[in-house]
Amino acid sequence: MERTEIKTLFDNVQENESEITVAGWVKTSRESKNIAFIELNDGSCFKNLQVILESSKFEDESNYKRVANAAVGSAVIVHGKLILTPEAKQPFELNADSAEIVGVVEEGYPLQKKRMTPEFLRQFPHLRARTNTFGAAFRVRSESAFAIHKFFHDNGFVYVHTPLITGSDAEGAGAMFRVTTIDPANPPRQDDGSVDYSQDFFGRETHLTVSGQLEGESMAQAFGKIYTFGPTFRAEKSNTTRHAAEFWMIEPEMAFCDLDGYMDTAEAMVKSCVSYLLDNCPDELDFFNRFYDNNLLDKLNKLVKSDFVRITYTEAVSLLEPHNNEFDFKVYWGCDLQSEHERYLTEKIYNCPVFVTNYPKEIKAFYMRMNEDNKTVAAADMLVPGVGELIGGSQREERLDVLINRMLELGMNPDDYKEYLDLRRFGSTKHAGYGLGFERFLMYVTGIGNIRDVQLYPRTFGVLQ
Ligand code: 4AD
Ligand code: MG
C-alpha cells in the first residue's frame, strides 16, 4: 500500500485528480443522513485530515455504516481524492471512495472526544500520545532534541556518550540508585556484617549516574568542546512538579572557558533551540499558547531577542530579602535558594531568564571553582519563569591542590576520584560547563506545568508507571 502522510498534504496544498491512500486513527466521527465526517490523525503532524464519506459511493452499505460510526481511536485506511475547500476552516478534505477499519476499538478505550485532564491521562501513558496535548508535547520533545544536537554540532562540539553505570557520585550529593546483582535476601557479608560488594557484579559498589559531567570533563580535555545528551537518575525523594527520578540532561563542557563563557553558550543554546521550535513547531506552540499559557508565544518570541539578566547570588539575596514576608522559607545570605525564591526573581522581578552567579560554596558541588573571596564559587544557575532552575553549571576547579583540599573539607575520599584528579595533573585547563534538564526545558517551551506530562513513562518518587 502506497500511503500518503497527512503532513505532506499540508506541506504542499494542491488538488490532485489521482486517488490517494491515507491511514491513521479516528479523532472524531459524526454521521447524519448518509454522509459522515471523520477527523483523522496519522501522527505525521499535529493537524487532522477531514475525511468525507458518502454512503452512495460505497458498494457495501454495511461497510459505510461501520466506518462512518468508527469509534474514537479506531485505525482506518481511506482511499479517496483530495478536494480543496478554500471557504472552509481546513484547506482541503479527502473525499472517500472506499475505507476500511483495520483496528477496531474494543470497549473500555479510555480516551474520549471531550477534553480530558492531564491527571486523568497519566493513567494511560501508553495511549495518551494520541491526544492533542501529548501528541504536541512529544513532537516538541523530538524537535527540541534535534535542535539541541544541531546547535552543538553547528558550533563544533563533539557529542560523547558517558556511562550510565558508574562507580563515583558526580554531584557528591548521595542521591543515587544502586546497581547490583546481589541477592537482597542472601547477600555475601564481610566479617563486620556489612554487605560484601567485592563479590558484586563489578567487584565494587556501583550506581546509576546522576550526571555525565566528570567523564565529560575528560573528553573536553581532548576535544576542547563536548556535550552529552542522555538519561540521568536521581534518588531524590522530592515529590514536586519539577523533579523526576529519571530525566535527560544535556551537559556541555568547554576547555579554556570561564563562567562568562558558559553563560554565553547557554544563553545562545536556549535562544537557538527556541527559535528552531518557533520555526518548526508552529501548530504545537500555537496549541499550547491557546490551552496552556496564553502568554507562551509572546514569551518565546521575546526571549530570542532580549538579553538574559545576570546577577550575583549576593545581589539576588538583597533583592529577595525585602519580600521575606511573602515566602515560606525566609531568605538570608548563605541559604540555598528555594524554588519560590527562584520563581520570584525570574517571574516577579525580571520576567525573563536570569543567571544567578557566585553562590556560597557550602550549597554547591565540590568541583566548582573557588572564588578569591574563599566564600563563593564560580557557579551559575539559569532560572526561567514558570520553571525555576533550568540550568546548573560552573567553572570547574582546575587547580589540583585546591580541589583536593575542598574534597577533604567535604569528607570525600580523593582516591575515589583518581581519574578526575589526573585531569588536573596532566595538562589542566581553565574549563566550564553546565547541565540543562531536558524535561524542564520542555516544560518551559510548552507551558506544561508538570514534569510527568513531558515524559513518556514518568518515573517519579513513589511511582513507576
Ligand atoms: O544542577 P544539577 O544537579 O547539575 C549537574 O548535574 C551538573 N553536573 C551539571 C553540569 O554542570 N554539567 O542538574 C542540572 C539540571 C538542573 O538545572 C535541572 O534543570 C535538571 O538538571 N535537574 C532535574 N530535572 C528533573 N528532575 C530532577 N530530579 C532534576 N535534577 C536536576
Ligand atoms: Mg542545580
# chains A, B, ... in the order shown; residues from 1 in each chain; ligands from 1

$ closest_atom_pairs --of "chain A" --to "ligand 1" --cutoff "8 Å" --atoms "only C-alpha atoms and all ligand atoms" --output "tab-separated table"
residue	atom	partner	partner_atom_place_in_ligand_line	distance
A:Ala170	CA	ligand 1	8 (N)	6.6
A:Glu171	CA	ligand 1	8 (N)	6.1
A:Val210	CA	ligand 1	6 (O)	6.5
A:Ser211	CA	ligand 1	6 (O)	5.0
A:Gly212	CA	ligand 1	8 (N)	6.8
A:Gln213	CA	ligand 1	12 (N)	4.6
A:Leu214	CA	ligand 1	8 (N)	7.7
A:Phe233	CA	ligand 1	28 (N)	7.6
A:Arg234	CA	ligand 1	28 (N)	5.8
A:Ala235	CA	ligand 1	28 (N)	8.0
A:Glu236	CA	ligand 1	28 (N)	6.6
A:Ser238	CA	ligand 1	28 (N)	7.5
A:Arg242	CA	ligand 1	25 (C)	5.8
A:His243	CA	ligand 1	26 (N)	3.5
A:Ala244	CA	ligand 1	26 (N)	3.9
A:Ala245	CA	ligand 1	28 (N)	5.5
A:Glu246	CA	ligand 1	26 (N)	6.9
A:Phe247	CA	ligand 1	25 (C)	5.5
A:Trp248	CA	ligand 1	24 (N)	7.4
A:Met249	CA	ligand 1	21 (O)	5.9
A:Ile250	CA	ligand 1	12 (N)	7.8
A:Glu251	CA	ligand 1	12 (N)	4.7
A:Pro252	CA	ligand 1	12 (N)	6.6
A:Glu253	CA	ligand 1	12 (N)	7.0
A:Asp381	CA	ligand 1	17 (O)	6.8
A:Met382	CA	ligand 1	17 (O)	7.4
A:Glu389	CA	ligand 1	17 (O)	5.1
A:Leu390	CA	ligand 1	19 (O)	4.0
A:Ile391	CA	ligand 1	17 (O)	3.5
A:Gly392	CA	ligand 1	1 (O)	3.9
A:Gly393	CA	ligand 1	11 (O)	3.8
A:Ser394	CA	ligand 1	11 (O)	5.9
A:Ala432	CA	ligand 1	11 (O)	7.8
A:Gly433	CA	ligand 1	11 (O)	5.1
A:Tyr434	CA	ligand 1	11 (O)	3.4
A:Gly435	CA	ligand 1	9 (C)	3.6
A:Leu436	CA	ligand 1	15 (C)	4.8
A:Gly437	CA	ligand 1	19 (O)	3.4
A:Phe438	CA	ligand 1	19 (O)	6.9
A:Glu439	CA	ligand 1	25 (C)	6.3
A:Arg440	CA	ligand 1	19 (O)	5.5
A:Phe441	CA	ligand 1	19 (O)	7.4
A:Ile451	CA	ligand 1	25 (C)	7.4

$ select_by_dssp --residues "stretch 197-312 of chain A" --states "strand (DSSP E)" --output "VMD selection string"
chain A and resid 206 to 208 225 to 233 246 to 255 309 to 312

$ residues_around --residues "A:Ile6" --least-positions-apart "5" --cutoff "9 Å" --atoms "only C-alpha atoms" --output "list of chain:residue names"
A:Asp11, A:Val22, A:Ala23, A:Leu40, A:Asn41, A:Asp42, A:Gly43, A:Ser44, A:Cys45, A:Lys47, A:Asn48, A:Leu49

$ write_last_selection --atoms "C-alpha atoms" --output "compact mmCIF listing (two decimals), in the first residue's frame"
# COMPACT_ATOMS: atom_id res chain seq x y z
CA ASP A 11 3.12 20.95 3.24
CA VAL A 22 -4.21 7.67 3.98
CA ALA A 23 -4.02 5.63 7.16
CA LEU A 40 -8.19 11.53 11.00
CA ASN A 41 -4.73 11.88 12.52
CA ASP A 42 -1.81 9.77 11.35
CA GLY A 43 0.85 11.15 13.67
CA SER A 44 2.85 12.78 10.87
CA CYS A 45 1.76 16.22 12.02
CA LYS A 47 -3.21 18.66 12.13
CA ASN A 48 -6.03 16.26 11.33
CA LEU A 49 -7.34 15.42 7.90

$ residues_around --residues "stretch 189-203 of chain A" --least-positions-apart "2" --cutoff "12 Å" --atoms "only C-alpha atoms" --output "MDAnalysis selection string"
chainID A and resid 165:167 178:187 205:207

$ closest_residue --among "A:Asn371, A:Ser56, A:Ser29, A:Thr446" --to "A:Ser144" --atoms "only C-alpha atoms"
A:Thr446

$ atom_distance --atom1 "atom CA of A:Asn289" --atom2 "atom CA of A:Lys114"
19.1 Å

$ closest_residue --among "A:Ile404, A:Leu337, A:Cys352, A:Leu442" --to "ligand 2" --atoms "only C-alpha atoms and all ligand atoms"
A:Leu337

$ residues_around --residues "A:Leu296" --least-positions-apart "6" --cutoff "9 Å" --atoms "only C-alpha atoms" --output "VMD selection string"
chain A and resid 285 to 286 288 to 290 444 to 447

$ write_last_selection --atoms "N, CA, C and O atoms" --output "compact mmCIF listing (two decimals), in the first residue's frame"
# COMPACT_ATOMS: atom_id res chain seq x y z
N LEU A 285 3.07 24.86 19.16
CA LEU A 285 3.22 26.00 20.08
C LEU A 285 1.93 26.82 20.12
O LEU A 285 1.54 27.33 21.17
N ASP A 286 1.27 26.91 18.98
CA ASP A 286 0.00 27.63 18.95
C ASP A 286 -1.03 26.93 19.85
O ASP A 286 -1.78 27.56 20.58
N PHE A 288 -0.35 25.05 22.49
CA PHE A 288 0.00 25.29 23.90
C PHE A 288 -0.33 26.74 24.30
O PHE A 288 -0.74 27.00 25.43
N ASN A 289 -0.15 27.65 23.37
CA ASN A 289 -0.47 29.05 23.65
C ASN A 289 -1.97 29.21 23.93
O ASN A 289 -2.37 29.98 24.80
N ARG A 290 -2.78 28.45 23.23
CA ARG A 290 -4.22 28.57 23.41
C ARG A 290 -4.70 27.87 24.68
O ARG A 290 -5.55 28.38 25.39
N TYR A 444 9.23 24.49 29.96
CA TYR A 444 9.36 25.92 29.68
C TYR A 444 8.79 26.29 28.31
O TYR A 444 8.07 27.27 28.16
N VAL A 445 9.10 25.48 27.30
CA VAL A 445 8.68 25.87 25.95
C VAL A 445 7.25 25.45 25.61
O VAL A 445 6.71 25.89 24.59
N THR A 446 6.65 24.61 26.45
CA THR A 446 5.26 24.23 26.18
C THR A 446 4.27 24.88 27.14
O THR A 446 3.08 24.94 26.85
N GLY A 447 4.77 25.30 28.30
CA GLY A 447 3.85 25.80 29.32
C GLY A 447 3.19 24.68 30.11
O GLY A 447 2.34 24.92 30.96

$ closest_residue --among "A:Ala71, A:Val356, A:Leu423, A:Ala255" --to "ligand 2" --atoms "only C-alpha atoms and all ligand atoms"
A:Val356

$ residues_around --residues "A:Val76" --least-positions-apart "3" --cutoff "7 Å" --atoms "only C-alpha atoms" --output "MDAnalysis selection string"
chainID A and resid 23:25 100:103

$ write_last_selection --atoms "N, CA, C and O atoms" --output "compact mmCIF listing (two decimals), in the first residue's frame"
# COMPACT_ATOMS: atom_id res chain seq x y z
N ALA A 23 -3.77 6.60 6.08
CA ALA A 23 -4.02 5.63 7.16
C ALA A 23 -3.77 6.32 8.48
O ALA A 23 -2.76 7.01 8.64
N GLY A 24 -4.67 6.16 9.42
CA GLY A 24 -4.48 6.83 10.71
C GLY A 24 -5.52 6.39 11.73
O GLY A 24 -6.16 5.35 11.56
N TRP A 25 -5.66 7.21 12.75
CA TRP A 25 -6.59 6.90 13.84
C TRP A 25 -7.68 7.97 13.91
O TRP A 25 -7.40 9.16 13.74
N GLU A 100 -11.77 1.33 5.15
CA GLU A 100 -11.97 0.14 6.00
C GLU A 100 -11.38 0.39 7.39
O GLU A 100 -10.42 1.16 7.54
N ILE A 101 -11.99 -0.25 8.36
CA ILE A 101 -11.43 -0.20 9.71
C ILE A 101 -10.46 -1.37 9.82
O ILE A 101 -10.84 -2.51 9.61
N VAL A 102 -9.19 -1.08 10.10
CA VAL A 102 -8.23 -2.19 10.23
C VAL A 102 -7.99 -2.56 11.69
O VAL A 102 -7.57 -3.67 11.98
N GLY A 103 -8.26 -1.63 12.58
CA GLY A 103 -8.10 -1.94 14.00
C GLY A 103 -9.29 -1.36 14.75
O GLY A 103 -9.39 -0.14 14.90

$ closest_residue --among "A:Val270, A:Ile448, A:Ala365, A:Leu300" --to "ligand 2" --atoms "only C-alpha atoms and all ligand atoms"
A:Ala365

$ closest_residue --among "A:Leu421, A:Leu400, A:Gly388, A:Phe124" --to "ligand 2" --atoms "only C-alpha atoms and all ligand atoms"
A:Gly388

$ residues_around --residues "A:Val158" --least-positions-apart "4" --cutoff "10 Å" --atoms "only C-alpha atoms" --output "ChimeraX atom specification"
/A:149,152-153,219-220,223-228,252-253

$ write_last_selection --atoms "N, CA, C and O atoms" --output "short mmCIF file (atom, residue, chain, number, x, y, z; two decimals), in the first residue's frame"
data_model
loop_
_atom_site.label_atom_id
_atom_site.label_comp_id
_atom_site.auth_asym_id
_atom_site.auth_seq_id
_atom_site.Cartn_x
_atom_site.Cartn_y
_atom_site.Cartn_z
N HIS A 149 20.96 19.06 19.38
CA HIS A 149 22.07 18.44 18.64
C HIS A 149 22.57 19.38 17.53
O HIS A 149 23.76 19.52 17.32
N PHE A 152 24.76 22.27 18.91
CA PHE A 152 26.12 21.89 19.30
C PHE A 152 26.93 21.44 18.09
O PHE A 152 28.11 21.76 17.95
N HIS A 153 26.29 20.73 17.20
CA HIS A 153 27.01 20.28 16.01
C HIS A 153 27.46 21.48 15.18
O HIS A 153 28.61 21.57 14.75
N MET A 219 36.71 14.25 28.31
CA MET A 219 36.63 14.40 26.85
C MET A 219 36.89 15.85 26.42
O MET A 219 37.47 16.10 25.37
N ALA A 220 36.46 16.80 27.26
CA ALA A 220 36.70 18.21 26.93
C ALA A 220 38.20 18.51 26.93
O ALA A 220 38.66 19.39 26.20
N PHE A 223 39.00 17.16 23.28
CA PHE A 223 38.34 17.75 22.11
C PHE A 223 38.10 19.25 22.24
O PHE A 223 37.69 19.89 21.28
N GLY A 224 38.27 19.78 23.43
CA GLY A 224 38.04 21.22 23.62
C GLY A 224 36.59 21.55 23.95
O GLY A 224 36.32 22.19 24.94
N LYS A 225 35.68 21.06 23.12
CA LYS A 225 34.26 21.34 23.38
C LYS A 225 33.46 20.05 23.15
O LYS A 225 33.49 19.49 22.04
N ILE A 226 32.77 19.61 24.15
CA ILE A 226 31.96 18.39 24.00
C ILE A 226 30.58 18.62 24.62
O ILE A 226 30.38 19.58 25.37
N TYR A 227 29.66 17.72 24.33
CA TYR A 227 28.41 17.72 25.09
C TYR A 227 27.91 16.28 25.19
O TYR A 227 28.22 15.44 24.35
N THR A 228 27.17 16.04 26.25
CA THR A 228 26.50 14.74 26.42
C THR A 228 25.00 15.01 26.27
O THR A 228 24.54 16.14 26.43
N PRO A 252 27.15 20.19 28.27
CA PRO A 252 28.32 20.64 27.52
C PRO A 252 29.49 20.92 28.47
O PRO A 252 29.27 21.27 29.64
N GLU A 253 30.67 20.75 27.98
CA GLU A 253 31.88 21.04 28.77
C GLU A 253 32.90 21.67 27.82
O GLU A 253 33.11 21.16 26.72
#

$ decode --residues "stretch 393-407 of chain A" --atoms "all heavy atoms" --output "short mmCIF file (atom, residue, chain, number, x, y, z; two decimals), in the first residue's frame"
data_model
loop_
_atom_site.label_atom_id
_atom_site.label_comp_id
_atom_site.auth_asym_id
_atom_site.auth_seq_id
_atom_site.Cartn_x
_atom_site.Cartn_y
_atom_site.Cartn_z
N GLY A 393 25.33 25.12 36.38
CA GLY A 393 26.67 24.93 35.83
C GLY A 393 27.70 25.74 36.57
O GLY A 393 27.37 26.44 37.54
N SER A 394 28.95 25.64 36.14
CA SER A 394 30.02 26.36 36.82
C SER A 394 31.29 26.35 36.01
O SER A 394 31.43 25.56 35.07
CB SER A 394 30.32 25.71 38.18
OG SER A 394 31.01 24.49 38.00
N GLN A 395 32.20 27.20 36.44
CA GLN A 395 33.59 26.99 36.05
C GLN A 395 34.09 25.90 36.98
O GLN A 395 33.65 25.80 38.13
CB GLN A 395 34.37 28.30 36.23
CG GLN A 395 35.77 28.22 35.67
CD GLN A 395 36.47 29.57 35.69
OE1 GLN A 395 35.81 30.61 35.59
NE2 GLN A 395 37.78 29.55 35.81
N ARG A 396 34.99 25.04 36.50
CA ARG A 396 35.45 23.90 37.32
C ARG A 396 36.75 24.25 38.03
O ARG A 396 37.56 25.04 37.51
CB ARG A 396 35.66 22.66 36.44
CG ARG A 396 34.61 22.40 35.39
CD ARG A 396 33.22 22.34 35.97
NE ARG A 396 32.24 21.86 34.96
CZ ARG A 396 30.95 21.87 35.13
NH1 ARG A 396 30.41 22.37 36.25
NH2 ARG A 396 30.13 21.40 34.20
N GLU A 397 36.95 23.63 39.18
CA GLU A 397 38.21 23.84 39.88
C GLU A 397 39.31 23.10 39.14
O GLU A 397 39.31 21.87 39.10
CB GLU A 397 38.08 23.31 41.32
CG GLU A 397 39.29 23.60 42.18
CD GLU A 397 39.65 25.10 42.16
OE1 GLU A 397 38.98 25.90 42.84
OE2 GLU A 397 40.60 25.44 41.42
N GLU A 398 40.21 23.85 38.50
CA GLU A 398 41.26 23.19 37.71
C GLU A 398 42.55 23.07 38.49
O GLU A 398 43.51 22.44 38.04
CB GLU A 398 41.48 23.96 36.39
CG GLU A 398 42.42 25.16 36.45
CD GLU A 398 41.80 26.41 37.07
OE1 GLU A 398 40.73 26.32 37.70
OE2 GLU A 398 42.41 27.50 36.95
N ARG A 399 42.60 23.66 39.72
CA ARG A 399 43.84 23.63 40.50
C ARG A 399 43.81 22.41 41.42
O ARG A 399 42.95 22.30 42.30
CB ARG A 399 43.97 24.91 41.31
CG ARG A 399 44.05 26.16 40.43
CD ARG A 399 43.71 27.43 41.19
NE ARG A 399 42.34 27.47 41.69
CZ ARG A 399 41.78 28.52 42.29
NH1 ARG A 399 42.47 29.63 42.47
NH2 ARG A 399 40.54 28.47 42.72
N LEU A 400 44.79 21.51 41.20
CA LEU A 400 44.79 20.22 41.91
C LEU A 400 44.74 20.38 43.43
O LEU A 400 43.90 19.76 44.10
CB LEU A 400 46.05 19.43 41.51
CG LEU A 400 46.17 18.04 42.13
CD1 LEU A 400 45.07 17.12 41.64
CD2 LEU A 400 47.54 17.43 41.81
N ASP A 401 45.60 21.25 43.97
CA ASP A 401 45.66 21.36 45.44
C ASP A 401 44.35 21.92 45.99
O ASP A 401 43.83 21.43 47.00
CB ASP A 401 46.87 22.22 45.86
CG ASP A 401 46.89 23.57 45.14
OD1 ASP A 401 46.35 23.67 44.01
OD2 ASP A 401 47.44 24.54 45.70
N VAL A 402 43.80 22.91 45.32
CA VAL A 402 42.55 23.50 45.81
C VAL A 402 41.43 22.46 45.76
O VAL A 402 40.63 22.34 46.70
CB VAL A 402 42.16 24.74 44.97
CG1 VAL A 402 40.91 25.41 45.52
CG2 VAL A 402 43.31 25.73 44.90
N LEU A 403 41.41 21.68 44.69
CA LEU A 403 40.35 20.67 44.53
C LEU A 403 40.45 19.59 45.62
O LEU A 403 39.45 19.23 46.25
CB LEU A 403 40.43 20.05 43.14
CG LEU A 403 39.36 19.02 42.79
CD1 LEU A 403 37.95 19.59 42.96
CD2 LEU A 403 39.53 18.50 41.36
N ILE A 404 41.68 19.10 45.84
CA ILE A 404 41.85 18.06 46.87
C ILE A 404 41.44 18.59 48.24
O ILE A 404 40.73 17.92 49.00
CB ILE A 404 43.31 17.53 46.87
CG1 ILE A 404 43.57 16.76 45.58
CG2 ILE A 404 43.56 16.64 48.09
CD1 ILE A 404 44.97 16.19 45.46
N ASN A 405 41.86 19.81 48.53
CA ASN A 405 41.50 20.39 49.84
C ASN A 405 39.99 20.48 50.01
O ASN A 405 39.45 20.18 51.08
CB ASN A 405 42.09 21.80 49.98
CG ASN A 405 43.54 21.72 50.40
OD1 ASN A 405 43.99 20.69 50.92
ND2 ASN A 405 44.29 22.79 50.14
N ARG A 406 39.33 20.88 48.94
CA ARG A 406 37.87 21.02 49.02
C ARG A 406 37.22 19.65 49.25
O ARG A 406 36.27 19.52 50.03
CB ARG A 406 37.35 21.65 47.71
CG ARG A 406 35.88 21.95 47.71
CD ARG A 406 35.54 23.13 48.60
NE ARG A 406 34.09 23.26 48.75
CZ ARG A 406 33.46 23.38 49.91
NH1 ARG A 406 34.16 23.42 51.03
NH2 ARG A 406 32.15 23.51 49.97
N MET A 407 37.74 18.63 48.56
CA MET A 407 37.17 17.29 48.73
C MET A 407 37.36 16.81 50.17
O MET A 407 36.44 16.26 50.78
CB MET A 407 37.84 16.30 47.76
CG MET A 407 37.48 16.57 46.32
SD MET A 407 38.41 15.52 45.18
CE MET A 407 37.22 14.26 44.90
#
